[in-house]
Every structure is written in structure tokens, then in C-alpha cells.
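J.: Have a look at this one.
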Amino acid sequence: MPEADSAATESDRKKPPPRYDHIITPGFVARRGATLPITVYTAHFPPSLLARLERAWSSNPKARSPYLPTYALRELIEQVEPAVLAVEGRLGEGPWLHAMRVPQNELPLQLALEFWITAHVAPHQDDVDWPTLVKRALPLEWAQAEVDLLAHGSAANGTTTPHTSTFSLLATYIAGRWVDDKLPMPGDTAKGFSVVGPLTDRGERSIFSWPPRELNGDGAYGLWAHRTALRVVSMPHDGRLILRAVPHIARFGGTQPAYIPRRGDSLATATILLYLAKGALRDIERPMLLRAPVTVSGKKQDMRWQWQPGIARILPSLPSSNHYPDPEEVRTAPRRTAGIDCVAGEGTEPTALLLHATGYTYLTRTDLPDGQPEFNTHGHPAESGLQPIDHLTLFEHLKEPLAKLNFDPLPALDRPPQRRAPQLTPAREDAHYHLELWHCAPKTYQAVHLALTKQLNYEHLGERDTEPGVHDYAGPTKITLALRNPGTLVAGLPKPPPHATPEARKTHRKLERKRRAEALRTAFPEADHMLGCLVEIDKPVNFAMAGEDDPKRFLKDTLPELNRHVQCLHPVTAAPRPNAKKAGLKPFEDSDVRCEDVQRAASSVKDLLRSLGHLPRLPAPRSVKDGSNWPPCTSPRPAHGSSPSFCAWTPTATRQPNS
């Protein structure tokens with residue numbers, strides 16, 4: 001073959017993927033002894049107002065903590081005053097607000113304070129004129145200060161303790177510098193740029209690649225953008241100040257939402273991100289995104305959005321409330337509010353996008369010839385996962401800019417040696433386990449009995465004469481099975497009224513669980529030794545049809561306090577069908593129980609024994625006659641109670657030399 005052809009063939013071959021001999025951590029560490037001083041403006045919380053608030057909070061009958069609920073105030077200020085970079089939660093300890101410049105108008109801060117006090121701190125003091133007290137405490141006294149963003153100490157165990165200003169300002173400062181210097185981020189387009197994202201309660205600040213891009217796939221439509229999250233972290237027993245940089249995919253709704261799930265007992269909520277090149281409220285230093293939460297009710301065409309109470313009360317009094325769009329308009333016309341269908345030259349209105357989260361679905365409308373449109377639901381077409389190469393690309397991209405801020409990449413880690421798995425100790429033959437079966441259906445015990453005697457190799461020694469309902473089994477270990485009838489103690493828990501408030505629903509559920517727990521303690525007192533409790537409960541769909549809460553989670557939380565490990569089992573009531581095509585529906589060895597019910601009972605018993613610390617003996621693998629020369633176990637530890645027919649490790653085949 002000619003040399004030219006050989007060279008061409010070699011170049012056409014696909015190169016193997018790169019191999020890394022070290023573990024690269026996507027983080028950067030501050031240089032030892034380095035500083036990063038910046039000048040900021042700080043303001044303390046008004047002392048006269050703080051003393052009055054502490055007295056009001058101590059008299060609030062709904063107060064669950066001696067500390068003021070500053071989380072709500074921080075969220076409000078971040079939503080209405082983007083000029084403030086950080087809001088501290090401890091009002092009487094050090095500066096309360098940090099900003100790069102003094103806000104020109106403190107009206108958003110005043111309105112946020114008024115709503116926070118009247119809605120969270122002192123809603124029971126209707127006779128107090130809180131707006132007047134807040135106005136008297138303002139304006140704030142702003143002072144220029146110099147802070148070191150790399151300042152940190154060390155705990156007793158050697159773990160670094162970042163200064164408060166370091167934790168809350170460092171990520172924001174780096175993100176702002178990145179946007180101000182117009183540095184590119186991985187994934188930026190030719191006409192794209194970067195904007196600063198909203199601040200989170202963990203001190204995390206993100207950089208978004210803007211504008212978002214459109215994506216179609218499998219009938220779904222949505223928007224997405226690259227997001228790089230910056231956050232100060234610490235590791236146990238590590239005295240270094242570490243900055244993490246993690247790439248993400250931010251997804252936004254592109255069509256009308258069909259369903260937004262509810263988290264917990266409160267109403268469903270969603271987050272709208274607002275963007276305007278000169279700020280969502282007034283001119284600020286850099287383009288940024290402002291978070292605006294909404295409350296969601298209904299689904300599909302009956303869905304309605306409203307601003308959350310804090311924003312709803314503050315917006316009418318803001319000097320530029322027109323910059324906040326109508327949430328219903330964002331819901332029904334997401335393409336227009338996102339700026340997709342805007343005419344060139346129009347830029348007065350802010351861009352408003354729904355931030356996608358897990359569980360959101362959207363509507364797609366199809367106009368049919370008969371005039372009746374057809375609606376289909378779909379998820380978001382963009383996937384949130386990234387490949388390791390994306391993390392490595394971002395890591396290489398940040399090395400040079402962060403070096404100017406006294407940050408070096410975390411050193412690569414050597415691959416840790418594979419740890420030898422611990423030697424497994426099988427259960428002793430004289431081990432004795434005490435089990436309880438809470439059941440009402442007679443076939444449930446029959447299925448458990450068949451599982452023990454036919455599948456788990458136990459022998460039924462009979463029922464005790466002195467203790468009715470207590471059966472003894474002998475086999476790989478000893479088992480004492482006590483039959484109990486719980487009656488209605490394992491029935492569904494009553495649901496709260498449908499139109500009750502979230503607090504009323506929580507109070508109702510807490511009261512019902514307390515009553516049921518007291519009844520359980522009375523009927524089944526705490527055992528003097530550990531018991532395995534196999535509880536027969538109905539299926540979740542049956543509780544839902546009856547308008548009751550599933551008691552499984554309640555039993556899992558309550559019975560361990562009575563010295564009982566819990567394993568739930570659905571009732572065995574269905575009759576077997578000898579002529580069924582499915583093997584699991586046929587009778588088990590001419591009994592009145594189906595094969596799949598016996599298998600379910602066997603799995604439940606094995607899981608229960610595993611929770612009590614039982615590890616069955618592992619059988620010898622096939623074709624291995626002598627176990628004295630078996631290699632050590634190198635695979636992860638097998639689960640307790642795993643089926644004896646599966647080996648949790650595989651002996652290594654040794655190649656012998658040819659004779």
C-alpha cells in the first residue's frame with residue numbers, strides 16, 4: 001500500500017476516547033494568604049424597629065421559633081430590589097444589606113418591610129400602625145466598607161469557615177465581573193451574551209447564556225439556555241476555601257402549561273424569570289434576571305396564575321409596576337412574553353419566561369378542519385443531563401479568568417485503589433428471630449406459611465398450646481411468628497376537608513396521626529426486644545378512592561418507636577385460576593393461594609429478616625466443587641435477604657498454562 005494511502009487510512013480511523021489517570025474536580029481553591037478586597041455599601045437593620053419586632057414576634061401565637069422569619073424578608077427584597085447583592089438573615093449581627101451602590105429609591109425596601117411585618121411577624125397586632133413605624137425608621141444609614149471576599153477561618157476540626165460576606169458575596173461578585181467584562185461562556189452563540197441570575201439562599205449565583213434558544217422534538221416545544229452555577233463550599237477537615245463551578249441546562253416553557261404539581265400541602269407555585277437589559281425596575285449596573293413567583297390553581301385551560309401575596313401587594317405601589325407583566329399573559333402567550341414573536345426594535349417590555357421544573361407538562365394545540373381544536377400534552381424537549389466533557393470544558397474555560405482573582409484549580413486526585421469488600425458472615429444456625437403478622441384476611445397467613453415452608457426451607461413446628469396464635473418454625477434459623485389482628489389501626493387516615501387552608505390541613509393531619517399513634521401504643525405496647533412486623537395494608541388506590549390518606553408512611557415512622565421493624569404486604573384475597581395463562585395466577589401446589597401471592601409473601605419475609613440483620617448462607621456456584629480455593633469476594637456487599645438462587649459474587653476464572 002502506498003505511504004499516502006496508509007497515512008489517509010490512519011487519519012480516517014476514529015480516535016479512541018481520552019483516558020484519564022486522575023480524578024478532576026470541577027472546583028477552584030483560593031491561594032493561601034491571598035486577598036480579594038472590594039468596596040461595597042452596607043446598611044444595618046434599624047435598631048429601634050428591631051427591638052419592637054422581637055417583642056411582637058415573641059407574642060405571636062403561631063411563632064414556632066424564637067428567631068424572626070427573615071427568610072421571607074430576604075426573598076421579598078431579592079424580588080423587588082435587584083440593586084441589593086446580599087441580604088443577611090441575622091438582623092442584629094453586623095450589616096444587614098450589601099450593595100455595590102446606594103439605592104436611589106428605598107421605596108421597594110419600605111414596601112417589603114411593611115408586608116413582611118404585617119404578614120409574617122405581627123399579623124395578630126392589627127391595632128399597630130406598622131407602615132408609619134417603618135417610615136420613621138427609614139432611610140437606612142448606608143456606609144462605605146471594604147470587605148475581603150477570600151476571608152475565612154477554621155473550625156476546631158480543621159474545616160474552613162467562610163466569612164459571612166465571603167459566603168454571600170463571592171459568587172455574586174465573580175458572576176458580575178464575568179458579565180461586566182463580557183467574557184464568553186461555553187455554549188454561547190455568536191450573538192449571545194451572559195446575564196446574572198437570581199441569588200439563592202445558599203449563596204449560589206448563576207450566569208445564564210442569553211437569549212434562550214428554541215427546541216422542537218417529538219411534538220414538544222420549549223426554550224433552553226446554558227447556566228453556570230457558582231457557589232462557595234467547604235469540605236470536612238479541609239481548611240481551603242473552595243469555589244465550585246457546575247454547568248446546568250436551564251429550561252423554560254415555550255407553550256401554555258397544562259399541569260404544575262403541588263409540593264406538599266400548600267398551593268402549587270411556579271417561578272417566572274424577568275429580564276430587561278437595563279434592569280427590571282430601574283437602571284442597574286448590569287443585565288440580570290429577577291425572580292417573580294406566582295401561585296397556580298387548576299390545570300390545562302382552567303389553570304390560573306396570580307402573583308404571590310407579597311408581590312401582589314407591593315406591585316401597585318412601585319414606581320415602575322408596569323415592568324411586571326400580567327402573569328396570566330405569561331401563561332397564555334409564552335412566546336410573545338419571551339420575546340420570540342416580537343417585532344425588531346421593540347424592547348420596552350421585559351422578557352418573562354416560566355422556569356421549567358420536574359413534573360411540568362405543556363399543551364400543544366392542533367387546529368382541525370371541523371373547527372374544534374385538539375390539545376395534546378407533552379413534557380419539555382430539552383434534557384437536563386450533561387456529559388463529563390461539558391464539565392471539563394467549563395473547567396478549562398474558567399482557569400485563566402479565575403487565576404486573576406487568586407484562584408487555582410483544585411489539584412487532580414489519584415484514582416483510589418479498589419477497596420476489598422468485607423468478608424461476609426452468614427447467619428448462625430441458632431439465630432432466633434421474632435416476627436409478627438398483623439392481618440385480617442385469612443389467606444394472608446396461609447401465603448406467609450407456604451412461603452416459609454415451601455420456598456424458604458423452614459419446618460412448621462406447630463402452634464404453641466400456652467400461647468394461641470404463636471407459631472414456631474425451624475430451618476436455616478429459628479422463627480417465632482405471632483399472629484395479630486390490628487383491626488382499624490391500619491386503616492386509612494381521615495383526610496382534611498377539601499377547602500381547608502394549608503395550615504388547617506397540616507393541623508388536621510398532625511392531630512389524626514397523634515390519635516392513631518396513641519391507639520397503636522395502647523394496643524401494641526413497646527416490645528422488650530426487636531421484632532419484625534409484617535403489616536397487611538390495602539393498596540394506595542383503594543385509600544384514594546375512599547378519600548383517605550395512605551397509612552404506610554405513618555406506620556413506617558411510628559412502629560420503630562415501639563421496637564418493631566416494619567414491612568408492608570397487600571392483603572391476599574384473590575382466588576387462584578387453574579386455567580389461567582399467567583403462571584402467577586395459578587394455584588400454588590394445589591392450595592387456595594395464587595403463586596404470585598406466595599412469592600410476594602416470601603419477598604416480604606426476606607426483606608423483614610434482612611432489616612433484622614439476617615444474612616442467608618450463599619450457595620456454592622455451579623461447577624465449583626471445592627470452595628477452599630475460591631478467590632476473595634470483590635463485588636459490593638449483597639443485599640440481606642437476597643434470593644439464595646443468585647450468587648452475590650462471581651469467582652474469577654484462572655487460566656491454566658497448556659500442558
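Here's how to read the names in the C-alpha cells: chain A, B, ... by the order shown, residue numbers from 1 in each chain, ligand numbers from 1 in the order shown.
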Neighbours of Val598 (chain A) within 9 Å (only C-alpha atoms; same-chain residues fewer than 5 positions away dropped), as an MDAnalysis selection string?
T.: chainID A and resid 446:451 455 588 593 603
J.: Write the residues of the preceding selection, restricted to N, CA, C and O atoms, as a compact mmCIF listing (two decimals), in the first residue's frame.
T.:
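Everything below was put into out_10.txt:
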```txt
# COMPACT_ATOMS: atom_id res chain seq x y z
N GLN A 446 -51.93 -17.80 55.33
CA GLN A 446 -51.69 -19.01 54.55
C GLN A 446 -50.57 -18.79 53.53
O GLN A 446 -49.72 -19.67 53.33
N ALA A 447 -50.52 -17.61 52.90
CA ALA A 447 -49.46 -17.32 51.94
C ALA A 447 -48.10 -17.22 52.64
O ALA A 447 -47.09 -17.71 52.14
N VAL A 448 -48.07 -16.59 53.83
CA VAL A 448 -46.81 -16.50 54.58
C VAL A 448 -46.35 -17.88 55.02
O VAL A 448 -45.16 -18.21 54.97
N HIS A 449 -47.29 -18.73 55.45
CA HIS A 449 -46.94 -20.09 55.87
C HIS A 449 -46.35 -20.89 54.71
O HIS A 449 -45.33 -21.59 54.87
N LEU A 450 -46.97 -20.80 53.53
CA LEU A 450 -46.44 -21.51 52.36
C LEU A 450 -45.08 -20.96 51.95
O LEU A 450 -44.20 -21.71 51.51
N ALA A 451 -44.89 -19.65 52.08
CA ALA A 451 -43.61 -19.07 51.74
C ALA A 451 -42.50 -19.58 52.66
O ALA A 451 -41.39 -19.89 52.21
N GLN A 455 -40.79 -22.32 50.25
CA GLN A 455 -39.79 -21.56 49.49
C GLN A 455 -38.55 -21.20 50.30
O GLN A 455 -37.47 -21.08 49.74
N PHE A 588 -50.92 -22.39 43.97
CA PHE A 588 -49.59 -22.81 44.40
C PHE A 588 -49.69 -24.20 45.03
O PHE A 588 -50.23 -24.37 46.13
N VAL A 593 -54.17 -20.54 47.31
CA VAL A 593 -53.43 -19.28 47.21
C VAL A 593 -52.71 -19.25 45.86
O VAL A 593 -52.19 -20.28 45.41
N SER A 603 -40.95 -12.67 49.46
CA SER A 603 -40.12 -11.48 49.34
C SER A 603 -40.26 -10.59 50.57
O SER A 603 -39.27 -10.02 51.06
```
J.: Write down as a ChimeraX atom specification the residues belonging to region 284-402 of chain A that are assigned alpha helix (DSSP H) by DSSP computed on the backbone.
T.: /A:309-314,327-332,334-337,388-402
J.: Okay, now the selection with N, CA and C atoms, as a PDB file, in the first residue's frame?
T.:
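Result file result07.pdb:
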```
ATOM      1  N   PRO A 309     -48.740  36.623  47.316  1.00  0.00           N
ATOM      2  CA  PRO A 309     -49.265  37.771  48.083  1.00  0.00           C
ATOM      3  C   PRO A 309     -48.265  38.900  48.275  1.00  0.00           C
ATOM      4  N   GLY A 310     -46.993  38.591  48.528  1.00  0.00           N
ATOM      5  CA  GLY A 310     -46.030  39.662  48.742  1.00  0.00           C
ATOM      6  C   GLY A 310     -45.876  40.551  47.535  1.00  0.00           C
ATOM      7  N   ILE A 311     -45.661  39.955  46.371  1.00  0.00           N
ATOM      8  CA  ILE A 311     -45.519  40.738  45.141  1.00  0.00           C
ATOM      9  C   ILE A 311     -46.821  41.440  44.793  1.00  0.00           C
ATOM     10  N   ALA A 312     -47.955  40.764  45.008  1.00  0.00           N
ATOM     11  CA  ALA A 312     -49.248  41.347  44.639  1.00  0.00           C
ATOM     12  C   ALA A 312     -49.532  42.630  45.417  1.00  0.00           C
ATOM     13  N   ARG A 313     -49.085  42.704  46.672  1.00  0.00           N
ATOM     14  CA  ARG A 313     -49.336  43.910  47.466  1.00  0.00           C
ATOM     15  C   ARG A 313     -48.304  45.008  47.216  1.00  0.00           C
ATOM     16  N   ILE A 314     -47.106  44.619  46.777  1.00  0.00           N
ATOM     17  CA  ILE A 314     -46.052  45.604  46.573  1.00  0.00           C
ATOM     18  C   ILE A 314     -46.137  46.245  45.187  1.00  0.00           C
ATOM     19  N   PRO A 327     -49.349  37.980  34.994  1.00  0.00           N
ATOM     20  CA  PRO A 327     -48.982  36.555  34.981  1.00  0.00           C
ATOM     21  C   PRO A 327     -49.856  35.713  34.070  1.00  0.00           C
ATOM     22  N   GLU A 328     -51.122  36.104  33.920  1.00  0.00           N
ATOM     23  CA  GLU A 328     -51.996  35.351  33.018  1.00  0.00           C
ATOM     24  C   GLU A 328     -51.531  35.480  31.570  1.00  0.00           C
ATOM     25  N   GLU A 329     -50.940  36.624  31.238  1.00  0.00           N
ATOM     26  CA  GLU A 329     -50.425  36.805  29.886  1.00  0.00           C
ATOM     27  C   GLU A 329     -49.190  35.932  29.655  1.00  0.00           C
ATOM     28  N   VAL A 330     -48.364  35.790  30.690  1.00  0.00           N
ATOM     29  CA  VAL A 330     -47.202  34.903  30.577  1.00  0.00           C
ATOM     30  C   VAL A 330     -47.648  33.457  30.400  1.00  0.00           C
ATOM     31  N   ARG A 331     -48.761  33.097  31.020  1.00  0.00           N
ATOM     32  CA  ARG A 331     -49.253  31.722  30.914  1.00  0.00           C
ATOM     33  C   ARG A 331     -49.859  31.426  29.549  1.00  0.00           C
ATOM     34  N   THR A 332     -50.674  32.332  29.052  1.00  0.00           N
ATOM     35  CA  THR A 332     -51.416  32.046  27.822  1.00  0.00           C
ATOM     36  C   THR A 332     -50.628  32.377  26.555  1.00  0.00           C
ATOM     37  N   PRO A 334     -46.867  32.495  26.056  1.00  0.00           N
ATOM     38  CA  PRO A 334     -45.457  32.447  26.479  1.00  0.00           C
ATOM     39  C   PRO A 334     -44.488  32.863  25.386  1.00  0.00           C
ATOM     40  N   ARG A 335     -44.802  32.624  24.121  1.00  0.00           N
ATOM     41  CA  ARG A 335     -43.877  33.005  23.056  1.00  0.00           C
ATOM     42  C   ARG A 335     -43.757  34.523  22.956  1.00  0.00           C
ATOM     43  N   ARG A 336     -44.866  35.231  23.102  1.00  0.00           N
ATOM     44  CA  ARG A 336     -44.823  36.688  22.982  1.00  0.00           C
ATOM     45  C   ARG A 336     -44.108  37.309  24.176  1.00  0.00           C
ATOM     46  N   THR A 337     -44.411  36.830  25.404  1.00  0.00           N
ATOM     47  CA  THR A 337     -43.752  37.401  26.579  1.00  0.00           C
ATOM     48  C   THR A 337     -42.276  37.019  26.648  1.00  0.00           C
ATOM     49  N   PRO A 388     -19.540  14.297  30.916  1.00  0.00           N
ATOM     50  CA  PRO A 388     -18.309  14.719  31.612  1.00  0.00           C
ATOM     51  C   PRO A 388     -17.483  15.726  30.814  1.00  0.00           C
ATOM     52  N   ILE A 389     -17.519  15.634  29.477  1.00  0.00           N
ATOM     53  CA  ILE A 389     -16.745  16.579  28.670  1.00  0.00           C
ATOM     54  C   ILE A 389     -17.250  17.999  28.860  1.00  0.00           C
ATOM     55  N   ASP A 390     -18.555  18.179  29.159  1.00  0.00           N
ATOM     56  CA  ASP A 390     -19.086  19.520  29.402  1.00  0.00           C
ATOM     57  C   ASP A 390     -18.491  20.117  30.673  1.00  0.00           C
ATOM     58  N   HIS A 391     -18.358  19.287  31.702  1.00  0.00           N
ATOM     59  CA  HIS A 391     -17.745  19.772  32.942  1.00  0.00           C
ATOM     60  C   HIS A 391     -16.269  20.098  32.726  1.00  0.00           C
ATOM     61  N   LEU A 392     -15.577  19.257  31.961  1.00  0.00           N
ATOM     62  CA  LEU A 392     -14.159  19.515  31.700  1.00  0.00           C
ATOM     63  C   LEU A 392     -13.956  20.771  30.853  1.00  0.00           C
ATOM     64  N   THR A 393     -14.857  20.993  29.896  1.00  0.00           N
ATOM     65  CA  THR A 393     -14.754  22.204  29.069  1.00  0.00           C
ATOM     66  C   THR A 393     -14.926  23.461  29.911  1.00  0.00           C
ATOM     67  N   LEU A 394     -15.921  23.454  30.790  1.00  0.00           N
ATOM     68  CA  LEU A 394     -16.116  24.609  31.671  1.00  0.00           C
ATOM     69  C   LEU A 394     -14.918  24.779  32.599  1.00  0.00           C
ATOM     70  N   PHE A 395     -14.390  23.684  33.104  1.00  0.00           N
ATOM     71  CA  PHE A 395     -13.237  23.731  33.993  1.00  0.00           C
ATOM     72  C   PHE A 395     -12.041  24.396  33.308  1.00  0.00           C
ATOM     73  N   GLU A 396     -11.769  24.002  32.060  1.00  0.00           N
ATOM     74  CA  GLU A 396     -10.654  24.602  31.326  1.00  0.00           C
ATOM     75  C   GLU A 396     -10.945  26.060  30.983  1.00  0.00           C
ATOM     76  N   HIS A 397     -12.231  26.383  30.766  1.00  0.00           N
ATOM     77  CA  HIS A 397     -12.616  27.736  30.358  1.00  0.00           C
ATOM     78  C   HIS A 397     -12.441  28.734  31.507  1.00  0.00           C
ATOM     79  N   LEU A 398     -12.583  28.274  32.747  1.00  0.00           N
ATOM     80  CA  LEU A 398     -12.537  29.181  33.894  1.00  0.00           C
ATOM     81  C   LEU A 398     -11.150  29.337  34.492  1.00  0.00           C
ATOM     82  N   LYS A 399     -10.188  28.534  34.048  1.00  0.00           N
ATOM     83  CA  LYS A 399      -8.865  28.568  34.668  1.00  0.00           C
ATOM     84  C   LYS A 399      -8.230  29.944  34.597  1.00  0.00           C
ATOM     85  N   GLU A 400      -8.163  30.523  33.407  1.00  0.00           N
ATOM     86  CA  GLU A 400      -7.452  31.792  33.234  1.00  0.00           C
ATOM     87  C   GLU A 400      -8.167  32.958  33.905  1.00  0.00           C
ATOM     88  N   PRO A 401      -9.506  33.151  33.728  1.00  0.00           N
ATOM     89  CA  PRO A 401     -10.152  34.298  34.394  1.00  0.00           C
ATOM     90  C   PRO A 401     -10.081  34.210  35.920  1.00  0.00           C
ATOM     91  N   LEU A 402     -10.257  33.008  36.494  1.00  0.00           N
ATOM     92  CA  LEU A 402     -10.230  32.898  37.948  1.00  0.00           C
ATOM     93  C   LEU A 402      -8.818  33.016  38.502  1.00  0.00           C
TER      94      LEU A 402
END
```
J.: What does the structure give for the distance between CA of Ala30 (chain A) and CA of Asp238 (chain A), in Å to one decimal?
T.: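 Between CA of Ala30 (chain A) and CA of Asp238 (chain A) the gap works out to 12.6 Å.
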J.: Where does DSSP see strand (DSSP E or B) in region 205-406 of chain A, if you list the residues as number ranges by chain?
T.: A: 205-210, 213-217, 220-233, 242-253, 257-259, 268-276, 288-297, 304-307, 351-355, 361-366, 374-378
J.: For Ala352 (chain A), please output as a VMD selection string all residues within 12 Å (counting only C-alpha atoms; exclusion window: fewer than 2 positions along the same chain).
T.: chain A and resid 211 to 212 252 to 254 271 to 276 280 289 to 293 323 to 331 333 to 340 349 to 350 354 to 355
J.: For the residues selected in the previous step, produce a file with N, CA, C and O atoms as a short mmCIF file (atom, residue, chain, number, x, y, z; two decimals), in the first residue's frame.
T.:
```cif
data_model
loop_
_atom_site.label_atom_id
_atom_site.label_comp_id
_atom_site.auth_asym_id
_atom_site.auth_seq_id
_atom_site.Cartn_x
_atom_site.Cartn_y
_atom_site.Cartn_z
N PRO A 211 -29.64 35.18 24.52
CA PRO A 211 -31.02 34.79 24.84
C PRO A 211 -31.21 33.27 24.79
O PRO A 211 -30.38 32.56 24.24
N PRO A 212 -32.30 32.76 25.33
CA PRO A 212 -32.55 31.32 25.28
C PRO A 212 -32.83 30.86 23.86
O PRO A 212 -33.26 31.64 23.00
N PHE A 252 -37.05 26.47 29.91
CA PHE A 252 -38.16 27.41 30.04
C PHE A 252 -39.34 26.90 29.21
O PHE A 252 -39.15 26.28 28.15
N GLY A 253 -40.53 27.20 29.70
CA GLY A 253 -41.73 26.80 28.97
C GLY A 253 -41.91 27.60 27.70
O GLY A 253 -41.77 28.83 27.71
N GLY A 254 -42.26 26.91 26.61
CA GLY A 254 -42.48 27.59 25.34
C GLY A 254 -43.92 27.61 24.90
O GLY A 254 -44.29 28.37 24.00
N THR A 271 -42.17 29.70 39.08
CA THR A 271 -41.23 30.82 39.09
C THR A 271 -41.14 31.42 37.69
O THR A 271 -40.91 30.70 36.72
N ILE A 272 -41.33 32.72 37.61
CA ILE A 272 -41.15 33.47 36.37
C ILE A 272 -39.86 34.26 36.48
O ILE A 272 -39.61 34.93 37.50
N LEU A 273 -39.03 34.19 35.46
CA LEU A 273 -37.81 34.98 35.41
C LEU A 273 -38.03 36.17 34.48
O LEU A 273 -38.44 35.99 33.33
N LEU A 274 -37.76 37.36 34.99
CA LEU A 274 -37.92 38.60 34.23
C LEU A 274 -36.56 39.11 33.80
O LEU A 274 -35.61 39.13 34.60
N TYR A 275 -36.47 39.54 32.56
CA TYR A 275 -35.21 40.10 32.05
C TYR A 275 -35.50 41.39 31.29
O TYR A 275 -36.39 41.45 30.45
N LEU A 276 -34.72 42.42 31.62
CA LEU A 276 -34.72 43.67 30.87
C LEU A 276 -33.29 44.17 30.86
O LEU A 276 -32.60 44.13 31.88
N ALA A 280 -35.03 45.21 35.73
CA ALA A 280 -36.48 45.00 35.73
C ALA A 280 -37.23 46.12 36.44
O ALA A 280 -38.43 46.26 36.27
N LEU A 289 -31.40 38.75 35.76
CA LEU A 289 -32.71 38.12 35.82
C LEU A 289 -33.29 38.34 37.20
O LEU A 289 -32.59 38.24 38.21
N LEU A 290 -34.57 38.61 37.25
CA LEU A 290 -35.28 38.84 38.50
C LEU A 290 -36.31 37.73 38.68
O LEU A 290 -37.04 37.39 37.75
N ARG A 291 -36.35 37.17 39.87
CA ARG A 291 -37.28 36.07 40.15
C ARG A 291 -38.61 36.62 40.63
O ARG A 291 -38.64 37.46 41.53
N ALA A 292 -39.70 36.14 40.04
CA ALA A 292 -41.05 36.57 40.40
C ALA A 292 -41.93 35.33 40.56
O ALA A 292 -42.29 34.71 39.55
N PRO A 293 -42.28 34.91 41.77
CA PRO A 293 -43.09 33.69 41.96
C PRO A 293 -44.57 33.96 41.77
O PRO A 293 -45.08 35.05 42.06
N HIS A 323 -43.50 47.34 34.57
CA HIS A 323 -42.46 46.42 34.11
C HIS A 323 -42.75 44.99 34.51
O HIS A 323 -42.12 44.07 34.01
N TYR A 324 -43.68 44.80 35.43
CA TYR A 324 -44.10 43.44 35.78
C TYR A 324 -45.29 43.07 34.89
O TYR A 324 -46.33 43.71 34.96
N PRO A 325 -45.17 42.05 34.05
CA PRO A 325 -46.29 41.71 33.17
C PRO A 325 -47.41 41.02 33.94
O PRO A 325 -47.24 40.59 35.09
N ASP A 326 -48.53 40.91 33.30
CA ASP A 326 -49.65 40.17 33.87
C ASP A 326 -49.30 38.68 33.85
O ASP A 326 -48.97 38.13 32.80
N PRO A 327 -49.35 37.98 34.99
CA PRO A 327 -48.98 36.56 34.98
C PRO A 327 -49.86 35.71 34.07
O PRO A 327 -49.39 34.72 33.51
N GLU A 328 -51.12 36.10 33.92
CA GLU A 328 -52.00 35.35 33.02
C GLU A 328 -51.53 35.48 31.57
O GLU A 328 -51.67 34.55 30.77
N GLU A 329 -50.94 36.62 31.24
CA GLU A 329 -50.42 36.81 29.89
C GLU A 329 -49.19 35.93 29.66
O GLU A 329 -49.00 35.39 28.56
N VAL A 330 -48.36 35.79 30.69
CA VAL A 330 -47.20 34.90 30.58
C VAL A 330 -47.65 33.46 30.40
O VAL A 330 -47.02 32.69 29.68
N ARG A 331 -48.76 33.10 31.02
CA ARG A 331 -49.25 31.72 30.91
C ARG A 331 -49.86 31.43 29.55
O ARG A 331 -49.58 30.38 28.95
N ALA A 333 -49.68 33.31 26.64
CA ALA A 333 -48.91 33.69 25.45
C ALA A 333 -47.42 33.66 25.77
O ALA A 333 -46.75 34.71 25.80
N PRO A 334 -46.87 32.50 26.06
CA PRO A 334 -45.46 32.45 26.48
C PRO A 334 -44.49 32.86 25.39
O PRO A 334 -43.44 33.42 25.69
N ARG A 335 -44.80 32.62 24.12
CA ARG A 335 -43.88 33.01 23.06
C ARG A 335 -43.76 34.52 22.96
O ARG A 335 -42.66 35.05 22.75
N ARG A 336 -44.87 35.23 23.10
CA ARG A 336 -44.82 36.69 22.98
C ARG A 336 -44.11 37.31 24.18
O ARG A 336 -43.28 38.20 24.02
N THR A 337 -44.41 36.83 25.40
CA THR A 337 -43.75 37.40 26.58
C THR A 337 -42.28 37.02 26.65
O THR A 337 -41.48 37.71 27.29
N ALA A 338 -41.90 35.91 25.98
CA ALA A 338 -40.49 35.52 25.94
C ALA A 338 -39.71 36.26 24.86
O ALA A 338 -38.50 36.08 24.75
N GLY A 339 -40.40 37.07 24.05
CA GLY A 339 -39.74 37.86 23.02
C GLY A 339 -39.48 37.11 21.73
O GLY A 339 -38.76 37.61 20.87
N ILE A 340 -40.10 35.92 21.57
CA ILE A 340 -39.87 35.15 20.35
C ILE A 340 -40.56 35.79 19.16
O ILE A 340 -40.01 35.88 18.06
N GLU A 349 -40.78 46.22 26.90
CA GLU A 349 -41.34 45.29 27.86
C GLU A 349 -40.28 44.28 28.27
O GLU A 349 -39.41 43.91 27.49
N PRO A 350 -40.33 43.79 29.52
CA PRO A 350 -39.35 42.80 29.93
C PRO A 350 -39.66 41.43 29.33
O PRO A 350 -40.79 41.12 28.99
N LEU A 354 -41.31 31.22 31.98
CA LEU A 354 -41.60 30.25 33.03
C LEU A 354 -40.40 29.32 33.18
O LEU A 354 -40.00 28.66 32.24
N LEU A 355 -39.83 29.27 34.38
CA LEU A 355 -38.71 28.38 34.65
C LEU A 355 -39.24 26.96 34.83
O LEU A 355 -40.02 26.69 35.75
#
```
J.: For a test of reading the model, state the distance in Å between CA of Thr166 (chain A) and CA of Gly239 (chain A), rounded to one decimal.
T.: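 Answer for the CA of Thr166 (chain A) to CA of Gly239 (chain A) separation: 14.7 Å.
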